[in-house]
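Visitor: What follows is work_38.tsv; its format and atoms are TSV, C-alpha atoms and all ligand atoms.
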chain	number	residue	atom	x	y	z
H	498	MET	CA	12.05	5.29	-4.27
H	499	SER	CA	13.33	2.45	-2.14
H	500	LYS	CA	10.53	1.13	0.00
H	501	VAL	CA	11.58	-1.47	2.57
H	502	PHE	CA	9.57	-4.69	2.82
H	503	CYS	CA	9.90	-6.53	6.09
H	504	LYS	CA	8.30	-9.74	7.38
H	505	ARG	CA	6.72	-10.03	10.82
H	506	GLN	CA	9.31	-12.64	11.84
H	507	HIS	CA	12.03	-10.01	11.28
H	508	ILE	CA	10.21	-7.59	13.59
H	509	GLU	CA	9.91	-10.31	16.25
H	510	GLU	CA	13.60	-11.15	15.97
H	511	THR	CA	14.48	-7.45	16.20
H	512	LEU	CA	12.35	-6.93	19.29
H	513	LYS	CA	13.88	-9.97	21.00
H	514	HIS	CA	17.35	-8.41	20.69
H	515	LEU	CA	16.19	-4.97	21.86
H	516	GLN	CA	14.31	-6.43	24.82
H	517	GLU	CA	17.20	-8.66	25.93
H	518	ALA	CA	19.57	-5.69	25.97
H	519	GLY	CA	16.94	-3.55	27.66
H	520	GLN	CA	16.65	-5.99	30.53
H	521	ARG	CA	20.34	-5.28	31.18
H	522	GLY	CA	19.65	-1.54	30.95
H	523	ASN	CA	21.36	-1.15	27.58
H	524	GLU	CA	20.44	0.25	24.24
H	525	CYS	CA	20.85	-2.10	21.32
H	526	VAL	CA	21.21	-1.63	17.59
H	527	VAL	CA	19.99	-4.16	15.05
H	528	LEU	CA	20.64	-4.04	11.31
H	529	TRP	CA	18.25	-5.18	8.63
H	530	PHE	CA	20.02	-6.78	5.69
H	531	GLY	CA	18.12	-6.75	2.42
H	532	ARG	CA	18.26	-7.23	-1.28
H	533	GLU	CA	17.28	-4.62	-3.83
H	534	SER	CA	14.46	-5.62	-6.14
H	535	PRO	CA	12.40	-3.67	-8.70
H	536	MET	CA	9.78	-3.25	-5.93
H	537	GLY	CA	12.18	-1.85	-3.34
H	538	ILE	CA	14.33	-3.58	-0.74
H	539	GLU	CA	13.31	-6.97	0.63
H	540	ILE	CA	14.64	-7.69	4.12
H	541	GLU	CA	16.24	-11.14	4.26
H	542	ALA	CA	18.10	-11.14	7.57
H	543	VAL	CA	18.28	-9.43	10.93
H	544	CYS	CA	21.72	-8.90	12.42
H	545	ARG	CA	22.60	-7.89	15.94
H	546	PRO	CA	26.22	-6.85	15.44
H	547	ALA	CA	28.86	-6.96	18.14
H	548	GLN	CA	28.54	-3.60	19.82
H	549	VAL	CA	29.56	-1.47	22.73
H	550	ALA	CA	26.36	-0.25	24.29
H	551	GLY	CA	25.25	1.67	27.35
H	552	ALA	CA	22.08	3.30	28.59
H	553	ASP	CA	22.02	5.91	25.83
H	554	ILE	CA	24.76	5.00	23.41
H	555	PHE	CA	25.92	2.34	21.00
H	556	ARG	CA	28.96	1.86	18.79
H	557	ILE	CA	29.94	-0.90	16.39
H	558	PRO	CA	33.70	-1.48	16.68
H	559	PRO	CA	35.76	-1.65	13.44
H	560	PRO	CA	36.31	-5.45	13.46
H	561	ALA	CA	32.54	-5.99	13.68
H	562	MET	CA	31.99	-3.50	10.84
H	563	ARG	CA	34.50	-5.42	8.70
H	564	GLU	CA	32.65	-8.64	9.44
H	565	ILE	CA	29.34	-7.02	8.42
H	566	ILE	CA	30.83	-5.77	5.15
H	567	GLY	CA	32.03	-9.31	4.41
H	568	ILE	CA	28.57	-10.78	5.05
H	569	LEU	CA	26.95	-8.15	2.81
H	570	ALA	CA	29.37	-8.88	-0.03
H	571	GLN	CA	28.91	-12.63	0.34
H	572	HIS	CA	25.11	-12.46	0.04
H	573	GLY	CA	24.69	-9.43	-2.20
H	574	TRP	CA	22.86	-7.62	0.60
H	575	MET	CA	22.77	-4.01	1.67
H	576	ILE	CA	22.01	-2.55	5.07
H	577	ALA	CA	18.47	-1.43	4.36
H	578	ALA	CA	17.72	0.00	7.78
H	579	GLN	CA	18.98	0.21	11.34
H	580	VAL	CA	16.77	-0.16	14.38
H	581	HIS	CA	17.78	0.86	17.89
H	582	SER	CA	16.21	1.21	21.27
H	583	HIS	CA	16.07	4.11	23.70
H	584	PRO	CA	15.48	3.93	27.47
H	585	HIS	CA	12.68	6.52	27.22
H	586	GLU	CA	11.28	8.49	24.29
H	587	ALA	CA	12.10	7.65	20.70
H	588	PHE	CA	13.98	10.41	18.87
H	589	HIS	CA	17.12	10.78	16.79
H	590	SER	CA	19.88	12.19	18.99
H	591	LEU	CA	22.88	14.10	17.65
H	592	ALA	CA	24.95	10.98	18.32
H	593	ASP	CA	22.42	8.92	16.34
H	594	ASP	CA	22.77	11.34	13.42
H	595	LYS	CA	26.54	11.14	13.56
H	596	TRP	CA	26.94	7.41	14.16
H	597	ALA	CA	24.24	6.10	11.86
H	598	ILE	CA	25.49	3.05	10.00
H	599	VAL	CA	23.06	3.39	7.12
H	600	ARG	CA	24.01	6.36	4.97
H	601	HIS	CA	22.36	5.93	1.56
H	602	GLU	CA	19.71	8.33	0.34
H	603	ASN	CA	16.32	7.37	1.81
H	604	ALA	CA	17.99	5.08	4.36
H	605	LEU	CA	15.72	4.33	7.30
H	606	SER	CA	16.63	4.55	10.97
H	607	LEU	CA	13.98	3.31	13.38
H	608	VAL	CA	13.98	4.12	17.08
H	609	VAL	CA	11.95	2.07	19.56
H	610	PRO	CA	11.14	3.66	22.95
H	611	TYR	CA	11.33	2.11	26.46
H	612	PHE	CA	13.87	-0.54	25.39
H	613	ALA	CA	10.99	-2.11	23.39
H	614	ALA	CA	9.65	-3.52	26.67
H	615	ARG	CA	6.08	-2.55	25.75
H	616	THR	CA	6.32	-3.28	22.03
H	617	THR	CA	5.07	-6.32	20.13
H	618	ALA	CA	5.17	-7.12	16.42
H	619	PHE	CA	1.61	-5.81	16.27
H	620	SER	CA	2.30	-2.48	17.99
H	621	PHE	CA	5.72	-2.01	16.36
H	622	MET	CA	4.59	0.37	13.63
H	623	GLN	CA	2.78	2.66	16.08
H	624	ASP	CA	5.43	2.54	18.82
H	625	GLN	CA	8.57	3.20	16.80
H	626	LYS	CA	9.60	6.43	15.15
H	627	THR	CA	11.01	6.31	11.65
H	628	PHE	CA	13.70	8.67	10.42
H	629	LYS	CA	14.77	8.91	6.80
H	630	LEU	CA	18.02	10.31	5.41
H	631	SER	CA	17.12	13.15	3.07
H	632	VAL	CA	18.85	14.12	-0.15
H	633	GLY	CA	20.56	16.86	1.85
H	634	ASN	CA	22.01	14.22	4.25
H	635	ARG	CA	19.69	15.15	7.12
H	636	TRP	CA	17.71	12.70	9.24
H	637	GLU	CA	14.06	13.66	9.04
H	638	GLU	CA	11.29	12.14	11.10
H	639	LEU	CA	8.46	10.68	9.04
H	640	ALA	CA	4.95	11.57	10.01
H	641	ALA	CA	2.80	8.58	10.96
H	642	TRP	CA	0.92	8.76	7.64
H	643	GLU	CA	4.19	8.77	5.64
H	644	ILE	CA	5.76	5.66	7.18
H	645	GLY	CA	3.72	3.28	5.03
H	646	LYS	CA	5.24	4.83	1.92
H	647	TRP	CA	8.71	3.71	3.01
H	648	LEU	CA	8.20	0.65	5.17
H	649	GLN	CA	5.76	-2.20	4.78
H	650	ILE	CA	5.41	-5.20	7.06
H	651	SER	CA	3.91	-8.37	5.64
H	701	ZN	ZN	19.50	6.87	19.85
Just give me the structure as structure tokens.
Ligand SMILES: [Zn+2]
Guide:
Amino acid sequence: MSKVFCKRQHIEETLKHLQEAGQRGNECVVLWFGRESPMGIEIEAVCRPAQVAGADIFRIPPPAMREIIGILAQHGWMIAAQVHSHPHEAFHSLADDKWAIVRHENALSLVVPYFAARTTAFSFMQDQKTFKLSVGNRWEELAAWEIGKWLQIS
């Protein structure tokens, strides 16, 4: 069990990045850095990594990945979850499966539809779709009622 605990300010910061990119017609990926605790994983920072992004794609180039790994080591953080935007519906594409940065068991990947243009910190939980990496290394969509077991916003 590794439930992710996230503060509202982290959601607001995440949405700001997604919306800014969306205004330029681009997807955006944001990483949530957190620390493991007996309770689960507490998010402590939101990172918008350097990325190559288009209307339906994103990649983090190797130098940016190296920088992220350095930051994680320095703070004792892990990448608890990744959040990215889509121009239209929220789903996990084959590219999303393949290029996911988070890879640990029960890792979370959140997808926000419509470049987050219609999403606020209050509607975030309803608007986004949450995918979780299963034991068998498959990304599975969580049903609305399951999300609260894995992600809690305070
Ligand atoms: Zn995607």
Visitor: Any idea what's packed within 12 Å of Gly633 of chain H, counting only C-alpha atoms, ignoring anything in its chain fewer than 5 positions away? Could you give it as a list in words?
Guide: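 What passes the distance filter is Arg600, His601, Glu602 and Asn603 of chain H.
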Visitor: Need the shell around Glu524 of chain H: protein/DNA/RNA residues with any atom at most 6 Å away, counting all atoms listed in the file. Skip same-chain ones fewer than 3 positions apart. Format as a list in words?
Guide: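 Listed by chain and then number, they are Ala550, Gly551, Ala552, Ser582 and His583 of chain H.
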Visitor: Return as an mmCIF file with C-alpha atoms, keeping the file's coordinate frame the residues of protein, DNA or RNA that approach ligand ZN 701 (chain H) to within 10 Å, with only C-alpha atoms and all ligand atoms taken into account.
Guide:
data_model
loop_
_atom_site.group_PDB
_atom_site.id
_atom_site.type_symbol
_atom_site.label_atom_id
_atom_site.label_comp_id
_atom_site.auth_asym_id
_atom_site.auth_seq_id
_atom_site.Cartn_x
_atom_site.Cartn_y
_atom_site.Cartn_z
ATOM 1 C CA GLU H 524 20.440 0.250 24.240
ATOM 2 C CA CYS H 525 20.850 -2.100 21.320
ATOM 3 C CA VAL H 526 21.210 -1.630 17.590
ATOM 4 C CA ALA H 552 22.080 3.300 28.590
ATOM 5 C CA ASP H 553 22.020 5.910 25.830
ATOM 6 C CA ILE H 554 24.760 5.000 23.410
ATOM 7 C CA PHE H 555 25.920 2.340 21.000
ATOM 8 C CA VAL H 580 16.770 -0.160 14.380
ATOM 9 C CA HIS H 581 17.780 0.860 17.890
ATOM 10 C CA SER H 582 16.210 1.210 21.270
ATOM 11 C CA HIS H 583 16.070 4.110 23.700
ATOM 12 C CA PRO H 584 15.480 3.930 27.470
ATOM 13 C CA GLU H 586 11.280 8.490 24.290
ATOM 14 C CA ALA H 587 12.100 7.650 20.700
ATOM 15 C CA PHE H 588 13.980 10.410 18.870
ATOM 16 C CA HIS H 589 17.120 10.780 16.790
ATOM 17 C CA SER H 590 19.880 12.190 18.990
ATOM 18 C CA LEU H 591 22.880 14.100 17.650
ATOM 19 C CA ALA H 592 24.950 10.980 18.320
ATOM 20 C CA ASP H 593 22.420 8.920 16.340
ATOM 21 C CA ASP H 594 22.770 11.340 13.420
ATOM 22 C CA TRP H 596 26.940 7.410 14.160
ATOM 23 C CA ALA H 597 24.240 6.100 11.860
ATOM 24 C CA SER H 606 16.630 4.550 10.970
ATOM 25 C CA LEU H 607 13.980 3.310 13.380
ATOM 26 C CA VAL H 608 13.980 4.120 17.080
ATOM 27 C CA VAL H 609 11.950 2.070 19.560
ATOM 28 C CA PRO H 610 11.140 3.660 22.950
#
Visitor: Report as a Markdown table the residues of segment 498-594 of chain H within 10 Å of segment 617-623 of chain H, each with its shortest atom pair and distance in Å (one decimal), using all atoms listed in the file, ordered by chain and increasing residue number.
Guide:
| residue | atom | partner | partner_atom | distance |
| --- | --- | --- | --- | --- |
| H:Lys504 | CA | H:Ala618 | CA | 9.9 |
| H:Arg505 | CA | H:Ala618 | CA | 6.5 |
| H:Gln506 | CA | H:Ala618 | CA | 8.3 |
| H:His507 | CA | H:Ala618 | CA | 9.0 |
| H:Ile508 | CA | H:Ala618 | CA | 5.8 |
| H:Glu509 | CA | H:Ala618 | CA | 5.7 |
| H:Glu510 | CA | H:Ala618 | CA | 9.4 |
| H:Thr511 | CA | H:Ala618 | CA | 9.3 |
| H:Leu512 | CA | H:Thr617 | CA | 7.4 |
| H:Lys513 | CA | H:Thr617 | CA | 9.6 |
Visitor: Would you work out the distance separating atom CA of Met562 of chain H from atom CA of Leu648 of chain H, expressed in Å to one decimal?
Guide: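 Atom-to-atom, atom CA of Met562 of chain H and atom CA of Leu648 of chain H are spaced 24.8 Å apart.
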Visitor: Pick from H:Gly645, H:Gly519, H:Pro546, H:Pro535: nearest to Ile566 of chain H, with all atoms listed in the file counted?
Guide: H:Pro546
Visitor: Tell me which of H:His514, H:Arg615, H:Gly573, H:Arg563 sits closest to Cys544 of chain H, counting all atoms listed in the file.
Guide: H:His514
Visitor: Between atom CA of Gln579 of chain H and atom CA of Ala604 of chain H, what is the distance in Å, rounded to a tenth?
Guide: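 Computed distance, atom CA of Gln579 of chain H to atom CA of Ala604 of chain H, equals 8.6 Å.
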Visitor: Enumerate, as number ranges by chain, the protein, DNA and RNA residues whose atoms approach (20.4, -2.3, 7.1) to within 9 Å, taking into account all atoms listed in the file and the coordinate frame of the file.
Guide: H: 527-531, 540, 543-544, 574-580, 598-599, 604-606
Visitor: In Å to one decimal, how far is atom CA of Asn634 of chain H from atom CA of Lys500 of chain H?
Guide: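 Taking atom CA of Lys500 of chain H and atom CA of Asn634 of chain H, their separation equals 17.9 Å.
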Visitor: Tell me which of H:Ile650, H:Ala614, H:Pro559, H:Lys595 sits closest to Glu539 of chain H, counting all atoms listed in the file.
Guide: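 Once distances to Glu539 of chain H are computed over all atoms listed in the file, the minimum belongs to H:Ile650.
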Visitor: Considering all atoms listed in the file, state which residue in the set H:Ile557, H:Ala547, H:Ala542, H:Met536 is at the smallest distance from Trp647 of chain H.
Guide: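 Smallest distance to Trp647 of chain H is found for H:Met536.
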Visitor: Mind working out the centre and edge lengths of an axis-aligned box for segment 588-596 of chain H, all listed atoms inside, 4 Å added to each side, rounded to one decimal in Å and written as JSON?
Guide:
{"center_x": 20.5, "center_y": 10.8, "center_z": 16.2, "size_x": 21.0, "size_y": 14.7, "size_z": 13.6}
Visitor: Which residue gives the smallest distance to Phe502 of chain H among H:Ile644, H:Ala518, H:Val549, H:Ala613, with only C-alpha atoms counted?
Guide: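 The shortest atom-to-atom distance to Phe502 of chain H comes from H:Ile644.
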